[in-house]
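The structure file run-v3.txt is reproduced below (compact mmCIF, C-alpha atoms and all ligand atoms).
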```txt
# COMPACT_ATOMS: atom_id res chain seq x y z
CA MET P 1 68.31 20.57 53.26
CA SER P 2 68.54 16.87 53.99
CA LEU P 3 69.75 14.35 51.46
CA ARG P 4 66.26 13.03 50.89
CA TRP P 5 65.44 14.88 47.67
CA PRO P 6 68.65 14.14 45.78
CA ALA P 7 68.34 10.50 46.86
CA MET P 8 64.80 10.34 45.55
CA ALA P 9 65.79 12.03 42.33
CA ALA P 10 68.52 9.43 41.90
CA LEU P 11 65.99 6.66 42.45
CA LEU P 12 63.60 7.96 39.83
CA PRO P 13 65.47 6.58 36.81
CA LEU P 14 65.60 3.21 38.59
CA LEU P 15 61.84 3.29 39.06
CA LEU P 16 61.35 4.18 35.41
CA LEU P 17 63.66 1.35 34.42
CA GLY P 18 61.57 -0.97 36.57
CA ALA P 19 58.49 0.07 34.62
CA CYS P 20 60.25 -1.10 31.45
CA GLN P 21 60.60 -4.59 32.84
CA VAL P 22 56.90 -5.34 33.17
CA GLN P 23 55.22 -7.52 30.57
CA HIS P 24 54.30 -5.27 27.68
CA TYR P 25 50.67 -6.26 27.30
CA GLN P 26 49.90 -3.10 25.37
CA SER P 27 52.97 -0.94 24.97
CA ASP P 28 55.03 0.75 22.29
CA PHE P 29 58.04 -0.50 24.23
CA GLY P 30 56.96 -4.11 23.83
CA GLY P 31 59.50 -4.92 21.12
CA ALA P 32 57.55 -8.12 20.40
CA ALA P 33 58.03 -7.98 16.64
CA VAL P 34 60.70 -6.84 14.19
CA GLU P 35 58.52 -3.86 13.24
CA ASP P 36 58.15 -2.55 16.79
CA ARG P 37 61.86 -3.13 17.49
CA GLN P 38 62.78 -1.00 14.47
CA PHE P 39 60.44 1.75 15.61
CA LEU P 40 61.95 1.59 19.07
CA THR P 41 65.51 1.90 17.79
CA LEU P 42 64.45 4.80 15.65
CA PHE P 43 62.65 6.38 18.60
CA TRP P 44 65.79 6.31 20.76
CA ILE P 45 67.94 7.69 17.94
CA PHE P 46 65.48 10.56 17.43
CA ILE P 47 65.34 11.21 21.17
CA ALA P 48 69.14 11.26 21.43
CA VAL P 49 69.72 13.56 18.44
CA CYS P 50 66.88 15.91 19.35
CA ALA P 51 67.87 16.01 23.04
CA PHE P 52 71.44 16.89 22.07
CA MET P 53 70.25 19.66 19.74
CA TYR P 54 67.86 20.95 22.37
CA ALA P 55 70.60 21.05 24.98
CA LEU P 56 72.79 23.02 22.57
CA VAL P 57 70.01 25.51 21.90
CA VAL P 58 69.54 26.10 25.61
CA ILE P 59 73.29 26.45 26.21
CA PHE P 60 73.62 28.97 23.37
CA LEU P 61 70.59 30.84 24.59
CA VAL P 62 72.06 31.23 28.07
CA ALA P 63 75.49 32.09 26.66
CA GLY P 64 73.85 34.66 24.38
CA ILE P 65 72.04 36.31 27.26
CA LEU P 66 75.25 36.48 29.32
CA ARG P 67 77.27 37.93 26.42
CA MET P 68 74.58 40.48 25.73
CA ARG P 69 74.62 41.60 29.36
CA ARG P 70 78.36 41.96 29.28
CA ALA P 71 78.22 43.86 25.98
CA GLU P 72 75.61 46.21 27.38
CA ALA P 73 77.70 46.82 30.45
CA ASN P 74 80.57 47.58 28.07
CA VAL P 75 78.50 50.14 26.19
CA VAL P 76 77.64 51.89 29.45
CA GLU P 77 81.27 51.88 30.59
CA THR P 78 83.04 52.82 27.38
CA GLY P 79 80.26 54.30 25.28
CA ARG P 80 81.33 52.02 22.41
CA HIS P 81 78.96 49.69 20.54
CA HIS P 82 80.55 46.38 19.84
CA GLN P 83 81.48 45.59 16.28
CA SER P 84 80.75 42.54 14.13
CA ASP P 85 81.85 39.42 15.92
CA PRO P 86 83.97 36.79 14.11
CA LEU P 87 83.33 34.19 16.83
CA MET P 88 79.57 34.51 16.30
CA HIS P 89 80.07 34.09 12.58
CA THR P 90 81.98 30.80 12.90
CA THR P 91 79.59 29.51 15.52
CA LEU P 92 76.59 30.10 13.28
CA ILE P 93 78.24 28.31 10.38
CA GLY P 94 79.13 25.40 12.68
CA TRP P 95 75.61 25.37 14.05
CA THR P 96 74.07 25.23 10.57
CA ALA P 97 76.40 22.40 9.59
CA LEU P 98 75.49 20.51 12.76
CA ILE P 99 71.78 20.83 11.98
CA GLY P 100 72.44 19.50 8.49
CA VAL P 101 74.38 16.53 9.88
CA GLY P 102 71.69 15.83 12.51
CA LEU P 103 68.87 15.88 9.96
CA ALA P 104 70.83 13.74 7.54
CA GLY P 105 71.52 11.29 10.38
CA LEU P 106 67.81 11.04 11.16
CA ALA P 107 66.98 10.53 7.50
CA ILE P 108 69.59 7.79 7.17
CA ALA P 109 68.41 6.05 10.35
CA SER P 110 64.80 6.16 9.04
CA PHE P 111 65.91 4.73 5.74
CA PHE P 112 67.69 1.79 7.36
CA ALA P 113 64.82 1.09 9.76
CA ASP P 114 62.45 1.03 6.79
CA ARG P 115 64.76 -1.24 4.77
CA SER P 116 65.24 -3.73 7.56
CA MET P 117 61.46 -3.89 8.14
CA ALA P 118 60.94 -4.49 4.43
CA LYS P 119 63.64 -7.17 4.43
CA ALA P 120 62.15 -8.99 7.44
CA ALA P 121 58.76 -8.85 5.77
CA THR P 122 59.80 -10.59 2.55
CA ASN P 123 58.75 -14.21 2.05
CA GLN P 124 55.46 -13.93 3.87
CA LYS P 125 54.45 -17.39 4.94
CA LEU P 126 50.98 -16.64 6.19
CA SER P 127 48.15 -14.41 5.08
CA VAL P 128 45.37 -13.28 7.37
CA THR P 129 42.45 -11.05 6.44
CA LEU P 130 41.29 -8.82 9.25
CA THR P 131 37.98 -7.09 8.70
CA GLY P 132 36.83 -4.33 11.01
CA ASN P 133 33.17 -4.25 12.04
CA GLN P 134 31.37 -2.04 14.51
CA TRP P 135 32.75 -3.15 17.05
CA TRP P 136 34.54 -6.42 16.58
CA TRP P 137 37.22 -8.06 14.43
CA ASP P 138 36.50 -10.68 11.82
CA ILE P 139 39.57 -12.84 11.22
CA LYS P 140 40.19 -15.15 8.29
CA TYR P 141 43.31 -17.27 7.87
CA ASN P 142 43.79 -17.72 4.14
CA ALA P 143 45.09 -21.07 2.98
CA ALA P 144 45.85 -22.26 -0.56
CA ASP P 145 43.74 -25.30 0.29
CA ALA P 146 40.23 -23.88 0.79
CA SER P 147 39.32 -26.61 3.28
CA LYS P 148 42.05 -25.20 5.55
CA THR P 149 40.77 -21.64 5.46
CA LEU P 150 39.90 -20.67 8.99
CA HIS P 151 37.29 -18.19 10.09
CA THR P 152 37.31 -16.81 13.59
CA ALA P 153 36.94 -13.52 15.46
CA ASN P 154 38.42 -11.18 18.03
CA GLU P 155 41.52 -13.26 18.83
CA LEU P 156 44.46 -13.25 16.47
CA HIS P 157 47.06 -16.01 16.76
CA LEU P 158 50.46 -15.49 15.18
CA PRO P 159 53.34 -17.95 14.87
CA LEU P 160 56.68 -16.81 16.31
CA GLY P 161 59.20 -15.68 13.70
CA VAL P 162 56.91 -16.21 10.71
CA PRO P 163 56.38 -13.15 8.49
CA THR P 164 52.61 -12.77 8.43
CA ARG P 165 50.82 -10.51 6.03
CA LEU P 166 47.72 -8.89 7.46
CA ILE P 167 45.21 -7.76 4.86
CA LEU P 168 43.08 -5.04 6.38
CA ASP P 169 39.55 -4.28 5.29
CA SER P 170 36.36 -2.91 6.80
CA ASN P 171 32.67 -3.68 6.47
CA ASP P 172 31.37 -0.34 7.64
CA VAL P 173 33.44 2.66 8.76
CA ILE P 174 37.15 3.31 9.07
CA HIS P 175 38.85 1.41 11.88
CA SER P 176 42.52 1.21 12.72
CA PHE P 177 44.57 -1.85 13.57
CA TRP P 178 46.93 -1.06 16.41
CA VAL P 179 48.83 -3.60 18.48
CA PRO P 180 51.57 -1.34 19.88
CA SER P 181 53.75 -4.19 21.15
CA LEU P 182 54.02 -5.49 17.59
CA ALA P 183 53.88 -2.63 15.10
CA GLY P 184 52.55 0.79 14.22
CA LYS P 185 49.00 1.65 13.20
CA GLN P 186 47.30 0.88 9.92
CA ASP P 187 43.77 1.87 8.93
CA LEU P 188 41.03 -0.52 7.84
CA ILE P 189 39.12 1.35 5.15
CA PRO P 190 35.90 0.11 3.54
CA GLY P 191 36.46 -0.84 -0.10
CA ARG P 192 40.20 -0.52 0.07
CA GLU P 193 42.73 -3.18 0.92
CA ASN P 194 45.52 -2.04 3.19
CA ASP P 195 48.15 -4.43 4.39
CA MET P 196 51.06 -4.76 6.73
CA THR P 197 53.49 -7.54 7.52
CA ILE P 198 54.46 -8.49 11.04
CA VAL P 199 57.32 -10.75 12.11
CA PRO P 200 56.68 -11.64 15.76
CA LYS P 201 59.81 -12.06 17.86
CA LYS P 202 58.45 -12.69 21.33
CA THR P 203 55.77 -15.10 22.52
CA GLY P 204 53.05 -13.74 24.72
CA ILE P 205 49.63 -12.21 24.81
CA PHE P 206 49.29 -8.67 23.56
CA ARG P 207 46.40 -6.27 23.43
CA GLY P 208 45.39 -4.36 20.36
CA GLN P 209 42.93 -1.52 20.26
CA CYS P 210 40.98 0.02 17.40
CA ALA P 211 42.72 3.35 16.98
CA GLU P 212 40.28 5.25 14.80
CA PHE P 213 37.03 6.49 16.29
CA CYS P 214 34.36 4.24 14.77
CA GLY P 215 31.21 4.86 16.77
CA VAL P 216 29.91 4.72 20.32
CA GLN P 217 31.59 1.43 21.27
CA HIS P 218 34.95 2.29 19.70
CA ALA P 219 36.69 2.03 23.07
CA HIS P 220 35.32 -1.52 23.42
CA MET P 221 36.85 -2.69 20.18
CA ALA P 222 39.97 -4.43 21.39
CA LEU P 223 41.81 -7.38 19.95
CA VAL P 224 43.68 -10.15 21.75
CA VAL P 225 46.86 -11.23 19.98
CA VAL P 226 48.52 -14.49 20.96
CA VAL P 227 52.06 -15.03 19.67
CA GLU P 228 53.05 -18.66 20.10
CA PRO P 229 55.70 -21.11 18.85
CA TYR P 230 54.98 -22.48 15.40
CA ALA P 231 54.00 -25.97 16.61
CA ASP P 232 51.46 -24.54 19.05
CA PHE P 233 50.11 -22.30 16.33
CA VAL P 234 49.59 -25.25 13.96
CA ARG P 235 47.88 -27.18 16.74
CA TRP P 236 45.63 -24.18 17.41
CA TRP P 237 44.77 -23.82 13.72
CA ASP P 238 43.92 -27.55 13.38
CA HIS P 239 41.74 -27.38 16.44
CA GLN P 240 39.94 -24.24 15.26
CA LEU P 241 39.20 -25.94 11.92
CA GLN P 242 37.23 -28.67 13.68
CA PRO P 243 33.46 -28.28 13.72
CA ALA P 244 31.90 -27.31 17.04
CA PRO P 245 31.82 -30.18 19.55
CA GLN P 246 28.51 -31.98 20.03
CA PRO P 247 26.74 -31.00 23.26
CA THR P 248 26.24 -33.89 25.66
CA THR P 249 24.30 -32.73 28.72
CA PRO P 250 20.51 -32.25 28.32
CA LEU P 251 20.87 -28.58 29.25
CA ALA P 252 23.55 -27.98 26.59
CA VAL P 253 21.47 -29.90 24.02
CA ALA P 254 18.52 -27.61 24.77
CA GLY P 255 20.86 -24.63 24.33
CA TYR P 256 22.15 -26.06 21.05
CA LYS P 257 18.58 -26.31 19.75
CA TYR P 258 17.78 -22.75 20.68
CA VAL P 259 21.02 -21.21 19.42
CA THR P 260 21.13 -23.04 16.09
CA SER P 261 17.48 -22.47 15.19
CA GLY P 262 16.59 -19.26 17.03
CA PRO P 263 17.50 -15.69 16.12
CA CYS P 264 21.16 -16.21 17.11
CA SER P 265 21.72 -18.41 14.06
CA SER P 266 20.74 -15.70 11.59
CA CYS P 267 23.69 -13.59 12.68
CA HIS P 268 26.26 -16.07 14.04
CA ASN P 269 28.02 -19.00 12.41
CA ILE P 270 28.83 -22.15 14.37
CA GLY P 271 30.81 -24.64 12.27
CA GLY P 272 29.13 -28.03 11.79
CA THR P 273 25.69 -26.77 12.90
CA PRO P 274 22.78 -25.16 11.05
CA ALA P 275 23.80 -21.77 12.49
CA SER P 276 25.42 -20.05 9.53
CA GLY P 277 24.91 -16.30 9.97
CA GLN P 278 27.78 -14.25 8.61
CA ILE P 279 27.24 -10.82 10.09
CA ALA P 280 28.51 -11.42 13.62
CA PRO P 281 31.55 -13.07 15.25
CA ASP P 282 32.03 -16.76 14.47
CA LEU P 283 31.17 -18.72 17.61
CA THR P 284 32.50 -22.18 16.61
CA HIS P 285 35.23 -22.17 19.27
CA LEU P 286 34.04 -19.19 21.28
CA ALA P 287 34.88 -20.69 24.67
CA SER P 288 38.51 -21.23 23.65
CA ARG P 289 38.98 -17.46 23.39
CA LYS P 290 40.32 -15.33 26.20
CA SER P 291 37.89 -12.48 25.95
CA LEU P 292 34.30 -11.76 25.13
CA ALA P 293 32.85 -9.09 22.85
CA ALA P 294 36.14 -7.81 21.40
CA GLY P 295 38.12 -7.59 24.62
CA THR P 296 35.28 -6.00 26.57
CA MET P 297 35.50 -8.62 29.34
CA PRO P 298 37.26 -11.89 30.11
CA MET P 299 35.68 -15.11 28.84
CA GLY P 300 33.80 -16.88 31.61
CA GLU P 301 30.43 -18.18 32.65
CA GLY P 302 29.31 -15.07 34.51
CA ASN P 303 30.21 -12.76 31.65
CA LEU P 304 28.52 -15.08 29.14
CA TYR P 305 25.34 -14.84 31.19
CA GLY P 306 25.62 -11.07 31.34
CA TRP P 307 26.32 -10.74 27.62
CA VAL P 308 23.65 -13.09 26.28
CA GLU P 309 21.02 -11.78 28.64
CA ASP P 310 21.55 -8.12 27.86
CA PRO P 311 24.35 -7.12 25.49
CA GLN P 312 22.87 -3.63 25.25
CA SER P 313 23.62 -2.93 28.88
CA ILE P 314 27.26 -4.02 28.45
CA LYS P 315 27.99 -2.39 25.10
CA PRO P 316 25.16 0.10 24.59
CA GLY P 317 24.37 0.53 20.91
CA VAL P 318 25.98 -2.79 19.95
CA ASN P 319 24.69 -4.59 16.86
CA MET P 320 23.40 -7.52 18.88
CA PRO P 321 19.89 -7.06 20.19
CA THR P 322 18.83 -7.85 23.72
CA ILE P 323 16.56 -10.76 22.94
CA GLY P 324 14.90 -11.24 26.31
CA LEU P 325 15.47 -14.94 26.88
CA GLU P 326 13.47 -16.78 29.55
CA PRO P 327 15.67 -17.88 32.48
CA ASP P 328 15.61 -21.56 31.44
CA GLN P 329 16.53 -20.59 27.86
CA LEU P 330 19.36 -18.43 29.17
CA HIS P 331 20.77 -21.28 31.30
CA ALA P 332 20.60 -23.62 28.31
CA VAL P 333 22.20 -21.15 25.89
CA VAL P 334 25.08 -20.39 28.23
CA ALA P 335 25.59 -24.09 28.96
CA TYR P 336 25.84 -24.69 25.22
CA LEU P 337 28.16 -21.74 24.54
CA GLU P 338 30.50 -23.05 27.25
CA THR P 339 30.92 -26.31 25.32
CA LEU P 340 32.28 -24.40 22.29
CA LYS P 341 35.87 -25.01 23.29
CU CU P 401 37.34 2.17 16.49
```
Show me the file's structure as structure tokens.
Ligand SMILES: [Cu+2]
Amino acid sequence: MSLRWPAMAALLPLLLLGACQVQHYQSDFGGAAVEDRQFLTLFWIFIAVCAFMYALVVIFLVAGILRMRRAEANVVETGRHHQSDPLMHTTLIGWTALIGVGLAGLAIASFFADRSMAKAATNQKLSVTLTGNQWWWDIKYNAADASKTLHTANELHLPLGVPTRLILDSNDVIHSFWVPSLAGKQDLIPGRENDMTIVPKKTGIFRGQCAEFCGVQHAHMALVVVVEPYADFVRWWDHQLQPAPQPTTPLAVAGYKYVTSGPCSSCHNIGGTPASGQIAPDLTHLASRKSLAAGTMPMGEGNLYGWVEDPQSIKPGVNMPTIGLEPDQLHAVVAYLETLK
């Protein structure tokens, strides 16, 4: 046999290592927050201990088979059955002790991971209420000063290094908050407040995904999480607090009139306009977001056209009706939505 196979086998770990270097957009190996880093450490400790134990089991199994064969051969040769075996006795005691030590080790590692997560999560500086809806995320930044309370949707911004408490609630069915690069899962249950605290440690854009089946569009219930330096976060917050910009072009003004007085306004809120619906994503700064319809597609003119014209063909069953706008209305509405930076 040529050297090709061993060489390839040797390369495999390198390839796997390479996979670890990519940006962890949605990955348990993201390590982008204290919580995920603790889970990761724990994961590797569990893997190491369990792999060691597994290897021992296999070694003993093989050794046992070989010994048995030899013993059987012995019986055939000498006609004697072998007696109780002191070596086996000691080995079993050692084995039991090893299992005890291994399990205790895992328990201790879990305890310390839990403690260090709890410690990092003390002194929460920021509180955000995340409410699950079929099939989008309502996001409210709670501030002591009510005029600073910010309402937005589908894109969560978190300041780097700041312990942030997420209060999780639901308006309809059970959803689950899961941004693997940051932390583990936590359910959003109607009528019950769950919470978790996250301390982001890496800037970047991460993808979250509803992790509890919540209806036909469950798979299209994603969440964009932006972790940014504190100063950028404050700038973002201040900008998001501003009312929607005034439209200037005639087309956008026509769109403004339709959106803020037509059916859209009974579901959607747009800050600083008569549109004040509360049962759908806040659109005040829609065009500043990276995705449309809870991560279903990237934000952009073409996708806005597609969505507003016929949301039912993009997310069948979605709680936004296909209204059937005339082409000139559609142009105007999209032109207006694009101004909502
Ligand atoms: Cu879901």
- Task: Check the smallest atom-to-atom distance from each of P:Val162, P:Ala63, P:Val308, P:Val216 to ligand CU 401 (chain P) using only C-alpha atoms and all ligand atoms, then report the winner.
- Result: P:Val216
At most 10 Å from (22.1, -21.3, 33.4), file frame, all atoms listed in the file: which residues, as a tab-separated table (two decimals) with C-alpha atoms, in the coordinates of the input?
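Done, and the output landed in out_11.tsv:
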```tsv
chain	number	residue	atom	x	y	z
P	251	LEU	CA	20.87	-28.58	29.25
P	252	ALA	CA	23.55	-27.98	26.59
P	255	GLY	CA	20.86	-24.63	24.33
P	301	GLU	CA	30.43	-18.18	32.65
P	302	GLY	CA	29.31	-15.07	34.51
P	304	LEU	CA	28.52	-15.08	29.14
P	305	TYR	CA	25.34	-14.84	31.19
P	327	PRO	CA	15.67	-17.88	32.48
P	328	ASP	CA	15.61	-21.56	31.44
P	329	GLN	CA	16.53	-20.59	27.86
P	330	LEU	CA	19.36	-18.43	29.17
P	331	HIS	CA	20.77	-21.28	31.30
P	332	ALA	CA	20.60	-23.62	28.31
P	333	VAL	CA	22.20	-21.15	25.89
P	334	VAL	CA	25.08	-20.39	28.23
P	335	ALA	CA	25.59	-24.09	28.96
P	336	TYR	CA	25.84	-24.69	25.22
```
- Task: Choose the residue, out of P:Ala275, P:Ala51, P:Ala219, P:Leu283, that has the smallest atom-to-atom separation from ligand CU 401 (chain P); count only C-alpha atoms and all ligand atoms.
- Result: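 Distance minimum relative to ligand CU 401 (chain P) lands on P:Ala219.
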- Query: Pick from P:Val173, P:Val62, P:Ile99, P:Ala153: nearest to Arg289 in chain P, with only C-alpha atoms counted?
  - Reply: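 Distance minimum relative to Arg289 in chain P lands on P:Ala153.
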- Step by step, measure atom-to-atom distances between ligand CU 401 (chain P) and each residue using all atoms listed in the file, keep those at most 10 Å, then write them as a count of residues only. 26
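Between CA of Glu155 in chain P and CA of Lys341 in chain P there is a distance of 13.8 Å.
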- Name the closest residue to Pro321 in chain P among the candidates P:Pro263, P:Pro250, P:Gly30, P:Pro298; distances are taken between atoms, counting only C-alpha atoms.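 Selected residue with least distance to Pro321 in chain P: P:Pro263.
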- Task: Would you list the contacts of Leu103 in chain P as a ChimeraX atom specification, taking every protein, DNA or RNA residue within 9 Å and counting only C-alpha atoms, but skipping same-chain residues closer than 5 positions in sequence?
- Result: /P:49,98,108
Go ahead and write the selection's residues with C-alpha atoms as an mmCIF file, keeping the file's coordinate frame.
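Below is the file that was written, part16.cif:
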```
data_model
loop_
_atom_site.group_PDB
_atom_site.id
_atom_site.type_symbol
_atom_site.label_atom_id
_atom_site.label_comp_id
_atom_site.auth_asym_id
_atom_site.auth_seq_id
_atom_site.Cartn_x
_atom_site.Cartn_y
_atom_site.Cartn_z
ATOM 1 C CA VAL P 49 69.720 13.560 18.440
ATOM 2 C CA LEU P 98 75.490 20.510 12.760
ATOM 3 C CA ILE P 108 69.590 7.790 7.170
#
```
- At what distance in Å, to one decimal, does CA of Ala294 in chain P lie from CA of Ala254 in chain P? 26.7 Å
- Message: Counting all atoms listed in the file, which residue out of P:Pro243, P:Pro200, P:Pro274, P:Gly295 sits closest to Leu150 in chain P?
- Response: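 The closest residue to Leu150 in chain P is P:Pro243.
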- Counting all atoms listed in the file, figure out which residue out of P:Cys267, P:Arg207, P:Val199, P:Glu326 gets nearest to Leu166 in chain P. P:Val199
- Item | Computed interatomic separation between CA of Leu130 in chain P and CA of Arg235 in chain P (Å) |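 CA of Arg235 in chain P lies 20.9 Å from CA of Leu130 in chain P.
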- Task: List the neighbours of Lys148 in chain P out to 12 Å using all atoms listed in the file; skip same-chain residues closer than 3 positions along the sequence, and give me the result as number ranges by chain.
- Result: P: 140-145, 151, 234, 237-242
Polymer residues at most 10 Å from Cys50 in chain P, only C-alpha atoms, same-chain spacing of 4 or more positions, as a compact mmCIF listing (two decimals) with C-alpha atoms, keeping the file's coordinate frame:
```txt
# COMPACT_ATOMS: atom_id res chain seq x y z
CA TRP P 44 65.79 6.31 20.76
CA ILE P 45 67.94 7.69 17.94
CA PHE P 46 65.48 10.56 17.43
CA TYR P 54 67.86 20.95 22.37
CA ALA P 55 70.60 21.05 24.98
CA LEU P 56 72.79 23.02 22.57
CA GLY P 102 71.69 15.83 12.51
CA LEU P 103 68.87 15.88 9.96
CA LEU P 106 67.81 11.04 11.16
```
- Which polymer residues, protein or nucleic acid, are no farther than 10 Å from (48.0, -6.0, 22.8), counting only C-alpha atoms, as an NGL selection string? :P and (24-28 or 30 or 178-182 or 204-209 or 222-226)
Just-selected residues, C-alpha atoms written as a PDB file, in the frame of the given file:
```
ATOM      1  CA  HIS P  24      54.300  -5.270  27.680  1.00  0.00           C
ATOM      2  CA  TYR P  25      50.670  -6.260  27.300  1.00  0.00           C
ATOM      3  CA  GLN P  26      49.900  -3.100  25.370  1.00  0.00           C
ATOM      4  CA  SER P  27      52.970  -0.940  24.970  1.00  0.00           C
ATOM      5  CA  ASP P  28      55.030   0.750  22.290  1.00  0.00           C
ATOM      6  CA  GLY P  30      56.960  -4.110  23.830  1.00  0.00           C
ATOM      7  CA  TRP P 178      46.930  -1.060  16.410  1.00  0.00           C
ATOM      8  CA  VAL P 179      48.830  -3.600  18.480  1.00  0.00           C
ATOM      9  CA  PRO P 180      51.570  -1.340  19.880  1.00  0.00           C
ATOM     10  CA  SER P 181      53.750  -4.190  21.150  1.00  0.00           C
ATOM     11  CA  LEU P 182      54.020  -5.490  17.590  1.00  0.00           C
ATOM     12  CA  GLY P 204      53.050 -13.740  24.720  1.00  0.00           C
ATOM     13  CA  ILE P 205      49.630 -12.210  24.810  1.00  0.00           C
ATOM     14  CA  PHE P 206      49.290  -8.670  23.560  1.00  0.00           C
ATOM     15  CA  ARG P 207      46.400  -6.270  23.430  1.00  0.00           C
ATOM     16  CA  GLY P 208      45.390  -4.360  20.360  1.00  0.00           C
ATOM     17  CA  GLN P 209      42.930  -1.520  20.260  1.00  0.00           C
ATOM     18  CA  ALA P 222      39.970  -4.430  21.390  1.00  0.00           C
ATOM     19  CA  LEU P 223      41.810  -7.380  19.950  1.00  0.00           C
ATOM     20  CA  VAL P 224      43.680 -10.150  21.750  1.00  0.00           C
ATOM     21  CA  VAL P 225      46.860 -11.230  19.980  1.00  0.00           C
ATOM     22  CA  VAL P 226      48.520 -14.490  20.960  1.00  0.00           C
TER      23      VAL P 226
END
```
File output, range 118-178 of chain P (C-alpha atoms) as an mmCIF file, in the first residue's frame:
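Everything below was put into out_22.cif:
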```cif
data_model
loop_
_atom_site.group_PDB
_atom_site.id
_atom_site.type_symbol
_atom_site.label_atom_id
_atom_site.label_comp_id
_atom_site.auth_asym_id
_atom_site.auth_seq_id
_atom_site.Cartn_x
_atom_site.Cartn_y
_atom_site.Cartn_z
ATOM 1 C CA ALA P 118 -22.758 32.864 38.312
ATOM 2 C CA LYS P 119 -19.864 35.100 39.355
ATOM 3 C CA ALA P 120 -19.500 36.643 35.884
ATOM 4 C CA ALA P 121 -23.235 37.254 35.839
ATOM 5 C CA THR P 122 -23.381 39.284 39.046
ATOM 6 C CA ASN P 123 -23.804 43.051 38.769
ATOM 7 C CA GLN P 124 -25.959 42.980 35.680
ATOM 8 C CA LYS P 125 -25.701 46.356 34.030
ATOM 9 C CA LEU P 126 -28.350 45.935 31.397
ATOM 10 C CA SER P 127 -31.764 44.335 31.252
ATOM 11 C CA VAL P 128 -33.429 43.292 28.026
ATOM 12 C CA THR P 129 -36.841 41.678 27.674
ATOM 13 C CA LEU P 130 -37.086 39.242 24.807
ATOM 14 C CA THR P 131 -40.572 38.120 23.903
ATOM 15 C CA GLY P 132 -41.121 35.239 21.520
ATOM 16 C CA ASN P 133 -43.900 35.545 18.946
ATOM 17 C CA GLN P 134 -44.846 33.273 16.088
ATOM 18 C CA TRP P 135 -42.316 33.783 14.380
ATOM 19 C CA TRP P 136 -40.297 36.787 15.394
ATOM 20 C CA TRP P 137 -38.554 38.316 18.408
ATOM 21 C CA ASP P 138 -39.805 41.383 20.223
ATOM 22 C CA ILE P 139 -36.943 43.129 22.008
ATOM 23 C CA LYS P 140 -37.219 45.742 24.730
ATOM 24 C CA TYR P 141 -34.239 47.425 26.374
ATOM 25 C CA ASN P 142 -35.354 48.343 29.874
ATOM 26 C CA ALA P 143 -34.051 51.609 31.272
ATOM 27 C CA ALA P 144 -34.687 53.193 34.676
ATOM 28 C CA ASP P 145 -35.575 56.339 32.756
ATOM 29 C CA ALA P 146 -38.723 55.392 30.814
ATOM 30 C CA SER P 147 -37.895 57.823 28.005
ATOM 31 C CA LYS P 148 -34.791 55.705 27.325
ATOM 32 C CA THR P 149 -36.652 52.426 27.063
ATOM 33 C CA LEU P 150 -36.080 51.075 23.602
ATOM 34 C CA HIS P 151 -38.378 48.867 21.608
ATOM 35 C CA THR P 152 -37.117 46.990 18.598
ATOM 36 C CA ALA P 153 -37.277 43.553 16.992
ATOM 37 C CA ASN P 154 -35.317 40.661 15.544
ATOM 38 C CA GLU P 155 -31.835 42.122 16.102
ATOM 39 C CA LEU P 156 -30.280 42.039 19.535
ATOM 40 C CA HIS P 157 -27.332 44.319 20.269
ATOM 41 C CA LEU P 158 -25.134 43.544 23.258
ATOM 42 C CA PRO P 159 -22.246 45.581 24.669
ATOM 43 C CA LEU P 160 -18.912 43.769 24.988
ATOM 44 C CA GLY P 161 -18.058 42.677 28.531
ATOM 45 C CA VAL P 162 -21.265 43.977 30.109
ATOM 46 C CA PRO P 163 -23.301 41.400 32.046
ATOM 47 C CA THR P 164 -26.707 41.578 30.410
ATOM 48 C CA ARG P 165 -29.779 39.987 31.887
ATOM 49 C CA LEU P 166 -32.201 38.642 29.317
ATOM 50 C CA ILE P 167 -35.750 38.291 30.557
ATOM 51 C CA LEU P 168 -37.501 35.712 28.426
ATOM 52 C CA ASP P 169 -41.227 35.654 27.842
ATOM 53 C CA SER P 170 -43.640 34.547 25.142
ATOM 54 C CA ASN P 171 -46.881 35.886 23.701
ATOM 55 C CA ASP P 172 -48.169 32.633 22.307
ATOM 56 C CA VAL P 173 -46.461 29.237 22.455
ATOM 57 C CA ILE P 174 -43.186 28.009 23.909
ATOM 58 C CA HIS P 175 -40.098 29.202 22.059
ATOM 59 C CA SER P 176 -36.472 28.743 22.959
ATOM 60 C CA PHE P 177 -33.695 31.303 22.939
ATOM 61 C CA TRP P 178 -30.538 29.768 21.536
#
```
